[in-house]
Amino acid sequence: MALRNIAIIAHVDHGKTTLVDQLFRQSGTFRDNQRVEERAMDSNDLEKERGITILAKCTSVEWGDTRINIVDTPGHADFGGEVERILSMVDGVILLVDSSEGAMPQTKFVTGKALALGLRPIVVVNKIDRPDERIQEVLDEVFDLFVSLDATDEQLDFPVLYASGRNGYANLEPEKREGTLTPMFETIISHVPAPKVDRDAPFQFLVTLLDRDNFLGRILTGRVAAGTVKVNQQINALDNDGNIVESGRASKLLAFRGLERVPVDEAHAGDIISIAGMTNATVANTIAEVGVSTPIAAQPIDPPTLSMRFAVNDSPMAGREGSKVTSRMIRDRLFREAESNVAIRITESADKDSFEVAGRGELQLGVLIETMRREGFELGISRPRVLFSTDESGSRTEPYETVVIDVDDEFSGTVIDKMNIRKAEMTDMRPSAGGKTRITFSAPSRGLIGYHGEFLSDTRGTGIMNRLFEKYGPYKGNIEGRKNGVLISNGAGEAVAYALGPLEERGILFVNPGEALYEGMIIGENAKTDDLEVNPMKSKQLTNFRASGGKDDAIRLTPPKKMTLEQAIAYIDDDELVEVTPQNIRLRKLHLDPHERKRASRAKAA
């Protein structure tokens, strides 16, 4: 059977996963009467909730006598560690762009990686049935993008398909709005080359993905680069320098058939498979038959730019809501994550009670925290901080991001002012369709921490912001943080409506009446710049006098501001923590005791 290996590149919400569903249906991978979930490729709970692809996944469909292996890549730059490795498994890419939004920054990130590897693209303009489509302009933007990414003449001579993934058709002419995906299958087979591999050479296989199975243990996924492997064959794992990491047997070989992983007896060069049976081999290792000593060159991975401290939860409520609270459990879970996610780096603190977790962005680390929370962990999380570096002359440098903002014209002035405060430089500004403006900035990552929530408020929820790691550039000096102080509980107990009523005048509350509180817990935002200790548990003095004018009526409180995990992490200051448990997200001061807080602030000032 002939073979084609392709990856699909698309920005968040451009319809990639829906299109893959249709490829399954029309190739006969799903039976007509088979019940299949919508967006079958986004199988992880967080992917379904957020509508994004986090984990790269492999699948395959058969068209005629050709098997097409399809790799679904994450669209978000925070998961770039996945993207770089996946592209080394394929021989072509489909670039999927929305007919209205066009090429977006995350598309640029993955496309740049693909073109640099010499992969030839097929461009699919999706959602051509949108009322605000601008197909020709989008195609021009894609061409300009390829030119700016130094595409070769061969790569610039790309085929174009006009599709509606939801309606299940793709055509070579933009006017045709019906049909099937047959033109897409035919274009893939004619345009993407078969894998260039040597079937007679000794077996070699580069590990690109790693996951675990409760029965099989570690499962290593990648493409067979040369030769043939059979079940129970003796194999070695080599590191980048050619040293043997471990020796073992290929106890099970699994191939992708539709959404399933199916056991096979042997696999040949060009096949994308999973191997079980190794205990130490990891991503970027080469698996090879005994006697091979030269590893396959692995794609270098961009460095982490952001870190957070994951600590044991030491609040007075520790251990009440979660089942996994010890530092040993947290340590094991984090190191297991770092094994399969090469974009994450873990450093243990001297006291063994906290871990510095460095990654590619707030979203990536937020997804890790949310996953751990759902597994029953309790954690104390610090404010994110960027990882600085130095250049050749010894000057301090920091990570910069390209920020592309699509915003209604009326809000563009506010956005530009806010970005200027964050030391961002505007590099481009142009009108886009429907009374919107597209503004591009080069901004230090440090200034963007915590801005997204404020940005949505400023643009009444209509603005779209996309960020992409750009470079390490000169240190921009001090950037102003949160302007407001916080309201801090001065004792432990339950919040009382009678006490919260007057506190509403002091600022915005984060807690409801009846919520359990402890000393040092943050219960609201102060309207002024300094922190304020308050008593939210004060109840009314009981007397035998009746209040005049019906003042004993129930107190009416404004609903409190409840933050998501990402909002809470972005909100806190350097002397604060987010307490994360399976049931709650609470904000607190790092030092719960007010005397310790004063000592710490005096020491910082000195």
# chains A, B, ... in the order shown; residues from 1 in each chain; ligands from 1
>>> select_by_dssp(residues="region 354-516 of chain A", states="strand (DSSP E)", output="VMD selection string")
chain A and resid 354 to 359 379 to 381 385 to 386 389 to 390 396 to 408 425 to 432 436 to 444 464 to 474 486 to 489 493 to 494 507 to 509 516
>>> write_last_selection(atoms="C-alpha atoms", output="PDB file, in the first residue's frame")
ATOM      1  CA  SER A 354       8.719  23.818  45.905  1.00  0.00           C
ATOM      2  CA  PHE A 355       9.626  23.441  42.234  1.00  0.00           C
ATOM      3  CA  GLU A 356      10.484  26.025  39.600  1.00  0.00           C
ATOM      4  CA  VAL A 357       8.547  25.037  36.444  1.00  0.00           C
ATOM      5  CA  ALA A 358       9.717  26.807  33.278  1.00  0.00           C
ATOM      6  CA  GLY A 359       7.696  26.681  30.058  1.00  0.00           C
ATOM      7  CA  LEU A 379      -0.745  23.556  45.050  1.00  0.00           C
ATOM      8  CA  GLY A 380       0.471  27.038  45.862  1.00  0.00           C
ATOM      9  CA  ILE A 381       1.352  28.864  42.623  1.00  0.00           C
ATOM     10  CA  ARG A 385       8.202  35.608  35.910  1.00  0.00           C
ATOM     11  CA  VAL A 386      10.144  35.799  32.670  1.00  0.00           C
ATOM     12  CA  SER A 389      19.390  36.081  29.578  1.00  0.00           C
ATOM     13  CA  THR A 390      22.557  37.969  28.615  1.00  0.00           C
ATOM     14  CA  ARG A 396      20.747  41.798  30.199  1.00  0.00           C
ATOM     15  CA  THR A 397      18.167  40.577  27.648  1.00  0.00           C
ATOM     16  CA  GLU A 398      14.552  39.462  27.975  1.00  0.00           C
ATOM     17  CA  PRO A 399      12.028  37.591  25.784  1.00  0.00           C
ATOM     18  CA  TYR A 400       9.932  39.613  23.334  1.00  0.00           C
ATOM     19  CA  GLU A 401       6.700  38.573  21.647  1.00  0.00           C
ATOM     20  CA  THR A 402       4.996  39.642  18.442  1.00  0.00           C
ATOM     21  CA  VAL A 403       1.461  40.664  19.448  1.00  0.00           C
ATOM     22  CA  VAL A 404      -1.217  40.962  16.753  1.00  0.00           C
ATOM     23  CA  ILE A 405      -4.426  42.625  17.946  1.00  0.00           C
ATOM     24  CA  ASP A 406      -7.720  42.762  15.986  1.00  0.00           C
ATOM     25  CA  VAL A 407      -9.968  45.365  17.562  1.00  0.00           C
ATOM     26  CA  ASP A 408     -13.001  47.547  16.738  1.00  0.00           C
ATOM     27  CA  GLU A 425       6.504  49.160  20.197  1.00  0.00           C
ATOM     28  CA  MET A 426       3.927  49.347  17.400  1.00  0.00           C
ATOM     29  CA  THR A 427       5.343  47.861  14.179  1.00  0.00           C
ATOM     30  CA  ASP A 428       2.247  47.896  11.942  1.00  0.00           C
ATOM     31  CA  MET A 429      -1.318  49.231  11.887  1.00  0.00           C
ATOM     32  CA  ARG A 430      -3.825  48.640   9.102  1.00  0.00           C
ATOM     33  CA  PRO A 431      -7.605  48.576   8.672  1.00  0.00           C
ATOM     34  CA  SER A 432      -9.176  45.119   8.374  1.00  0.00           C
ATOM     35  CA  LYS A 436     -11.836  46.691  12.658  1.00  0.00           C
ATOM     36  CA  THR A 437      -8.151  47.587  12.891  1.00  0.00           C
ATOM     37  CA  ARG A 438      -5.232  45.131  13.022  1.00  0.00           C
ATOM     38  CA  ILE A 439      -2.323  46.443  15.120  1.00  0.00           C
ATOM     39  CA  THR A 440       1.008  44.626  15.458  1.00  0.00           C
ATOM     40  CA  PHE A 441       3.414  45.212  18.367  1.00  0.00           C
ATOM     41  CA  SER A 442       6.813  43.978  19.483  1.00  0.00           C
ATOM     42  CA  ALA A 443       6.461  43.707  23.272  1.00  0.00           C
ATOM     43  CA  PRO A 444       8.505  42.351  26.174  1.00  0.00           C
ATOM     44  CA  ILE A 464      -8.731  39.304  19.683  1.00  0.00           C
ATOM     45  CA  MET A 465      -5.096  39.126  20.795  1.00  0.00           C
ATOM     46  CA  ASN A 466      -2.529  36.663  19.401  1.00  0.00           C
ATOM     47  CA  ARG A 467       0.991  36.318  20.752  1.00  0.00           C
ATOM     48  CA  LEU A 468       4.100  34.649  19.394  1.00  0.00           C
ATOM     49  CA  PHE A 469       7.652  34.346  20.774  1.00  0.00           C
ATOM     50  CA  GLU A 470       9.845  36.661  18.696  1.00  0.00           C
ATOM     51  CA  LYS A 471      13.367  36.961  20.141  1.00  0.00           C
ATOM     52  CA  TYR A 472      15.486  37.818  23.149  1.00  0.00           C
ATOM     53  CA  GLY A 473      16.012  41.613  23.033  1.00  0.00           C
ATOM     54  CA  PRO A 474      17.386  44.426  25.241  1.00  0.00           C
ATOM     55  CA  VAL A 486      -5.912  44.111  48.031  1.00  0.00           C
ATOM     56  CA  LEU A 487      -8.306  43.532  50.922  1.00  0.00           C
ATOM     57  CA  ILE A 488      -6.866  40.926  53.312  1.00  0.00           C
ATOM     58  CA  SER A 489      -8.805  38.931  55.897  1.00  0.00           C
ATOM     59  CA  GLY A 493     -13.937  32.011  60.017  1.00  0.00           C
ATOM     60  CA  GLU A 494     -16.897  32.365  57.659  1.00  0.00           C
ATOM     61  CA  GLY A 507     -13.357  47.956  46.529  1.00  0.00           C
ATOM     62  CA  ILE A 508     -14.370  44.807  44.595  1.00  0.00           C
ATOM     63  CA  LEU A 509     -15.052  41.626  46.606  1.00  0.00           C
ATOM     64  CA  ALA A 516     -14.543  29.803  54.681  1.00  0.00           C
TER      65      ALA A 516
END
>>> residues_around(residues="Glu246 (chain A)", least_positions_apart="4", cutoff="9 Å", atoms="only C-alpha atoms", output="list in words")
Ile235, Asn236, Ala237, Leu238, Met278, Thr279, Asn280 and Ala281 of chain A
>>> write_last_selection(atoms="all heavy atoms", output="CSV table (one decimal), in the first residue's frame")
chain,number,residue,atom,x,y,z
A,235,ILE,N,16.4,-4.1,20.6
A,235,ILE,CA,16.7,-2.7,20.2
A,235,ILE,C,17.4,-1.9,21.3
A,235,ILE,O,17.4,-2.3,22.5
A,235,ILE,CB,15.3,-1.9,19.9
A,235,ILE,CG1,14.3,-2.1,21.0
A,235,ILE,CG2,14.8,-2.4,18.6
A,235,ILE,CD1,13.0,-1.3,20.8
A,236,ASN,N,18.1,-0.9,20.8
A,236,ASN,CA,18.8,0.1,21.7
A,236,ASN,C,18.2,1.5,21.6
A,236,ASN,O,17.7,1.8,20.5
A,236,ASN,CB,20.3,0.2,21.4
A,236,ASN,CG,21.1,-1.1,21.8
A,236,ASN,OD1,20.6,-1.9,22.6
A,236,ASN,ND2,22.2,-1.3,21.1
A,237,ALA,N,18.3,2.2,22.7
A,237,ALA,CA,17.9,3.7,22.6
A,237,ALA,C,19.2,4.5,22.7
A,237,ALA,O,20.0,4.2,23.7
A,237,ALA,CB,17.0,4.0,23.8
A,238,LEU,N,19.4,5.4,21.8
A,238,LEU,CA,20.6,6.2,21.7
A,238,LEU,C,20.3,7.7,22.0
A,238,LEU,O,19.3,8.2,21.6
A,238,LEU,CB,21.3,6.1,20.4
A,238,LEU,CG,21.6,4.7,19.8
A,238,LEU,CD1,22.1,4.9,18.3
A,238,LEU,CD2,22.6,3.9,20.6
A,278,MET,N,10.2,-0.1,26.3
A,278,MET,CA,11.4,0.6,26.9
A,278,MET,C,11.0,1.4,28.2
A,278,MET,O,9.8,1.8,28.3
A,278,MET,CB,12.0,1.7,25.9
A,278,MET,CG,12.3,1.1,24.5
A,278,MET,SD,13.6,-0.2,24.6
A,278,MET,CE,15.0,0.7,24.2
A,279,THR,N,11.9,1.5,29.1
A,279,THR,CA,11.5,2.1,30.4
A,279,THR,C,12.2,3.5,30.6
A,279,THR,O,11.7,4.3,31.4
A,279,THR,CB,12.0,1.2,31.6
A,279,THR,OG1,13.3,0.9,31.4
A,279,THR,CG2,11.1,0.0,31.7
A,280,ASN,N,13.3,3.8,29.9
A,280,ASN,CA,14.0,5.0,30.1
A,280,ASN,C,14.0,5.9,28.8
A,280,ASN,O,14.3,7.1,28.9
A,280,ASN,CB,15.4,4.8,30.5
A,280,ASN,CG,15.5,4.1,31.9
A,280,ASN,OD1,14.7,4.4,32.8
A,280,ASN,ND2,16.5,3.2,32.1
A,281,ALA,N,13.9,5.3,27.7
A,281,ALA,CA,14.0,6.1,26.4
A,281,ALA,C,13.0,7.2,26.4
A,281,ALA,O,11.9,7.1,26.9
A,281,ALA,CB,13.8,5.2,25.2
>>> atom_distance(atom1="CA of Asn232 (chain A)", atom2="CA of Ala288 (chain A)")
13.1 Å
>>> closest_residue(among="A:Asp150, A:Asp314, A:Glu519, A:Asp239", to="Ile287 (chain A)", atoms="only C-alpha atoms")
A:Asp239
>>> closest_residue(among="A:Thr581, A:Ser274, A:Asn5, A:Thr66", to="Val312 (chain A)", atoms="only C-alpha atoms")
A:Thr581
>>> residues_around(residues="Asp575 (chain A)", least_positions_apart="2", cutoff="7 Å", atoms="only C-alpha atoms", output="list of chain:residue names")
A:Asp573, A:Lys589, A:Leu590
>>> closest_residue(among="A:Thr187, A:Gln541, A:Thr305, A:Ser601", to="Arg345 (chain A)", atoms="only C-alpha atoms")
A:Thr305
>>> residues_around(residues="Ile86 (chain A)", least_positions_apart="5", cutoff="9 Å", atoms="only C-alpha atoms", output="PyMOL selection string")
chain A and resi 7+56+71-73+208-209+222
>>> closest_residue(among="A:Asp91, A:Glu504, A:Glu137, A:Asp213", to="Ala194 (chain A)", atoms="only C-alpha atoms")
A:Asp91
>>> residues_around(residues="Asn512 (chain A)", least_positions_apart="3", cutoff="12 Å", atoms="only C-alpha atoms", output="ChimeraX atom specification")
/A:494-501,504,508-509,515-517,523-524,536-537,556-562
>>> residues_around(residues="Arg373 (chain A)", least_positions_apart="5", cutoff="8 Å", atoms="only C-alpha atoms", output="list in words")
Glu378, Val580, Thr581 and Pro582 of chain A
>>> write_last_selection(atoms="N, CA and C atoms", output="PDB file, in the first residue's frame")
ATOM      1  N   GLU A 378      -3.274  19.589  45.330  1.00  0.00           N
ATOM      2  CA  GLU A 378      -3.370  20.920  45.928  1.00  0.00           C
ATOM      3  C   GLU A 378      -2.011  21.590  45.772  1.00  0.00           C
ATOM      4  N   VAL A 580      -4.475  26.536  44.758  1.00  0.00           N
ATOM      5  CA  VAL A 580      -5.259  25.764  43.788  1.00  0.00           C
ATOM      6  C   VAL A 580      -5.614  24.419  44.407  1.00  0.00           C
ATOM      7  N   THR A 581      -6.907  24.108  44.490  1.00  0.00           N
ATOM      8  CA  THR A 581      -7.356  22.802  44.959  1.00  0.00           C
ATOM      9  C   THR A 581      -8.383  22.272  43.961  1.00  0.00           C
ATOM     10  N   PRO A 582      -8.760  20.988  44.051  1.00  0.00           N
ATOM     11  CA  PRO A 582      -9.755  20.464  43.103  1.00  0.00           C
ATOM     12  C   PRO A 582     -11.085  21.218  43.140  1.00  0.00           C
TER      13      PRO A 582
END
>>> select_by_dssp(residues="region 194-347 of chain A", states="helix (DSSP H, G or I)", output="list in words")
Ser327, Arg328, Met329, Ile330, Arg331, Asp332, Arg333, Leu334, Phe335, Arg336, Glu337, Ala338, Glu339 and Ser340 of chain A
>>> residues_around(residues="region 153-170 of chain A", least_positions_apart="2", cutoff="9 Å", atoms="only C-alpha atoms", output="MDAnalysis selection string")
chainID A and resid 15:23 26 99 115 118:129 135 139 143 146:147 151 172:184 187 191
>>> atom_distance(atom1="CA of Ala226 (chain A)", atom2="CA of Asp198 (chain A)")
5.1 Å
>>> closest_residue(among="A:Val325, A:Leu368, A:Ile344, A:Ile421", to="Glu480 (chain A)", atoms="only C-alpha atoms")
A:Ile421
>>> atom_distance(atom1="CA of Ile68 (chain A)", atom2="CA of Leu3 (chain A)")
6.0 Å
>>> decode(residues="region 482-526 of chain A", atoms="N, CA and C atoms", output="mmCIF file, in the first residue's frame")
data_model
loop_
_atom_site.group_PDB
_atom_site.id
_atom_site.type_symbol
_atom_site.label_atom_id
_atom_site.label_comp_id
_atom_site.auth_asym_id
_atom_site.auth_seq_id
_atom_site.Cartn_x
_atom_site.Cartn_y
_atom_site.Cartn_z
ATOM 1 N N ARG A 482 0.420 45.861 38.845
ATOM 2 C CA ARG A 482 -0.963 46.139 39.276
ATOM 3 C C ARG A 482 -1.014 47.428 40.087
ATOM 4 N N LYS A 483 -1.985 48.281 39.792
ATOM 5 C CA LYS A 483 -2.043 49.583 40.480
ATOM 6 C C LYS A 483 -2.740 49.483 41.834
ATOM 7 N N ASN A 484 -3.716 48.584 41.968
ATOM 8 C CA ASN A 484 -4.531 48.530 43.182
ATOM 9 C C ASN A 484 -3.964 47.567 44.225
ATOM 10 N N GLY A 485 -4.193 47.914 45.499
ATOM 11 C CA GLY A 485 -3.870 46.997 46.583
ATOM 12 C C GLY A 485 -4.997 45.982 46.753
ATOM 13 N N VAL A 486 -4.891 45.145 47.803
ATOM 14 C CA VAL A 486 -5.912 44.111 48.031
ATOM 15 C C VAL A 486 -6.499 44.229 49.429
ATOM 16 N N LEU A 487 -7.675 43.633 49.610
ATOM 17 C CA LEU A 487 -8.306 43.532 50.922
ATOM 18 C C LEU A 487 -7.945 42.170 51.501
ATOM 19 N N ILE A 488 -7.379 42.163 52.714
ATOM 20 C CA ILE A 488 -6.866 40.926 53.312
ATOM 21 C C ILE A 488 -7.652 40.612 54.582
ATOM 22 N N SER A 489 -8.074 39.354 54.696
ATOM 23 C CA SER A 489 -8.805 38.931 55.897
ATOM 24 C C SER A 489 -7.856 38.945 57.100
ATOM 25 N N ASN A 490 -8.328 39.517 58.234
ATOM 26 C CA ASN A 490 -7.455 39.610 59.418
ATOM 27 C C ASN A 490 -7.695 38.471 60.408
ATOM 28 N N GLY A 491 -8.498 37.465 59.987
ATOM 29 C CA GLY A 491 -8.742 36.338 60.883
ATOM 30 C C GLY A 491 -9.344 35.175 60.123
ATOM 31 N N ALA A 492 -9.685 34.089 60.865
ATOM 32 C CA ALA A 492 -10.248 32.890 60.245
ATOM 33 C C ALA A 492 -11.711 32.758 60.630
ATOM 34 N N GLY A 493 -12.513 32.210 59.733
ATOM 35 C CA GLY A 493 -13.937 32.011 60.017
ATOM 36 C C GLY A 493 -14.731 32.036 58.739
ATOM 37 N N GLU A 494 -16.035 32.292 58.846
ATOM 38 C CA GLU A 494 -16.897 32.365 57.659
ATOM 39 C C GLU A 494 -17.227 33.817 57.347
ATOM 40 N N ALA A 495 -17.221 34.146 56.050
ATOM 41 C CA ALA A 495 -17.583 35.507 55.644
ATOM 42 C C ALA A 495 -19.048 35.776 55.986
ATOM 43 N N VAL A 496 -19.315 36.971 56.523
ATOM 44 C CA VAL A 496 -20.664 37.334 56.959
ATOM 45 C C VAL A 496 -21.164 38.502 56.101
ATOM 46 N N ALA A 497 -22.418 38.384 55.629
ATOM 47 C CA ALA A 497 -22.982 39.422 54.752
ATOM 48 C C ALA A 497 -22.964 40.798 55.430
ATOM 49 N N TYR A 498 -23.245 40.824 56.750
ATOM 50 C CA TYR A 498 -23.287 42.089 57.498
ATOM 51 C C TYR A 498 -21.931 42.808 57.429
ATOM 52 N N ALA A 499 -20.825 42.013 57.454
ATOM 53 C CA ALA A 499 -19.484 42.603 57.390
ATOM 54 C C ALA A 499 -19.095 42.955 55.955
ATOM 55 N N LEU A 500 -19.536 42.127 54.982
ATOM 56 C CA LEU A 500 -19.151 42.366 53.581
ATOM 57 C C LEU A 500 -19.830 43.611 53.008
ATOM 58 N N GLY A 501 -21.030 43.925 53.496
ATOM 59 C CA GLY A 501 -21.771 45.086 52.989
ATOM 60 C C GLY A 501 -20.946 46.364 52.989
ATOM 61 N N PRO A 502 -20.429 46.805 54.175
ATOM 62 C CA PRO A 502 -19.613 48.022 54.198
ATOM 63 C C PRO A 502 -18.303 47.886 53.409
ATOM 64 N N LEU A 503 -17.770 46.626 53.286
ATOM 65 C CA LEU A 503 -16.488 46.452 52.571
ATOM 66 C C LEU A 503 -16.642 46.686 51.075
ATOM 67 N N GLU A 504 -17.890 46.551 50.558
ATOM 68 C CA GLU A 504 -18.101 46.803 49.118
ATOM 69 C C GLU A 504 -17.707 48.220 48.749
ATOM 70 N N GLU A 505 -17.853 49.156 49.709
ATOM 71 C CA GLU A 505 -17.492 50.553 49.423
ATOM 72 C C GLU A 505 -15.982 50.714 49.288
ATOM 73 N N ARG A 506 -15.227 49.748 49.842
ATOM 74 C CA ARG A 506 -13.748 49.849 49.805
ATOM 75 C C ARG A 506 -13.158 49.324 48.505
ATOM 76 N N GLY A 507 -13.915 48.524 47.763
ATOM 77 C CA GLY A 507 -13.357 47.956 46.529
ATOM 78 C C GLY A 507 -14.236 46.847 45.975
ATOM 79 N N ILE A 508 -13.632 45.911 45.233
ATOM 80 C CA ILE A 508 -14.370 44.807 44.595
ATOM 81 C C ILE A 508 -14.125 43.541 45.413
ATOM 82 N N LEU A 509 -15.199 42.838 45.793
ATOM 83 C CA LEU A 509 -15.052 41.626 46.606
ATOM 84 C C LEU A 509 -14.895 40.386 45.729
ATOM 85 N N PHE A 510 -14.138 39.388 46.278
ATOM 86 C CA PHE A 510 -13.927 38.115 45.574
ATOM 87 C C PHE A 510 -14.658 36.957 46.250
ATOM 88 N N VAL A 511 -15.327 37.204 47.407
ATOM 89 C CA VAL A 511 -15.909 36.091 48.175
ATOM 90 C C VAL A 511 -17.403 36.302 48.427
ATOM 91 N N ASN A 512 -18.090 35.186 48.636
ATOM 92 C CA ASN A 512 -19.519 35.177 48.953
ATOM 93 C C ASN A 512 -19.725 35.061 50.458
ATOM 94 N N PRO A 513 -20.864 35.492 51.008
ATOM 95 C CA PRO A 513 -21.174 35.210 52.408
ATOM 96 C C PRO A 513 -21.191 33.689 52.638
ATOM 97 N N GLY A 514 -20.680 33.251 53.781
ATOM 98 C CA GLY A 514 -20.663 31.818 54.092
ATOM 99 C C GLY A 514 -19.400 31.106 53.649
ATOM 100 N N GLU A 515 -18.537 31.762 52.839
ATOM 101 C CA GLU A 515 -17.281 31.133 52.410
ATOM 102 C C GLU A 515 -16.291 31.063 53.564
ATOM 103 N N ALA A 516 -15.554 29.956 53.639
ATOM 104 C CA ALA A 516 -14.543 29.803 54.681
ATOM 105 C C ALA A 516 -13.337 30.672 54.344
ATOM 106 N N LEU A 517 -12.843 31.440 55.318
ATOM 107 C CA LEU A 517 -11.706 32.345 55.121
ATOM 108 C C LEU A 517 -10.624 32.026 56.149
ATOM 109 N N TYR A 518 -9.411 32.497 55.902
ATOM 110 C CA TYR A 518 -8.337 32.373 56.893
ATOM 111 C C TYR A 518 -7.518 33.654 56.896
ATOM 112 N N GLU A 519 -6.737 33.824 57.942
ATOM 113 C CA GLU A 519 -5.917 35.028 58.066
ATOM 114 C C GLU A 519 -4.910 35.084 56.922
ATOM 115 N N GLY A 520 -4.818 36.254 56.271
ATOM 116 C CA GLY A 520 -3.872 36.404 55.158
ATOM 117 C C GLY A 520 -4.465 36.084 53.798
ATOM 118 N N MET A 521 -5.730 35.613 53.776
ATOM 119 C CA MET A 521 -6.395 35.321 52.498
ATOM 120 C C MET A 521 -6.879 36.628 51.871
ATOM 121 N N ILE A 522 -6.742 36.741 50.546
ATOM 122 C CA ILE A 522 -7.179 37.946 49.832
ATOM 123 C C ILE A 522 -8.665 37.793 49.512
ATOM 124 N N ILE A 523 -9.488 38.742 50.006
ATOM 125 C CA ILE A 523 -10.937 38.615 49.804
ATOM 126 C C ILE A 523 -11.472 39.650 48.813
ATOM 127 N N GLY A 524 -10.605 40.560 48.329
ATOM 128 C CA GLY A 524 -11.080 41.561 47.378
ATOM 129 C C GLY A 524 -9.961 42.485 46.927
ATOM 130 N N GLU A 525 -10.308 43.387 46.005
ATOM 131 C CA GLU A 525 -9.345 44.376 45.506
ATOM 132 C C GLU A 525 -9.660 45.722 46.146
ATOM 133 N N ASN A 526 -8.649 46.357 46.705
ATOM 134 C CA ASN A 526 -8.829 47.669 47.324
ATOM 135 C C ASN A 526 -8.950 48.729 46.222
#
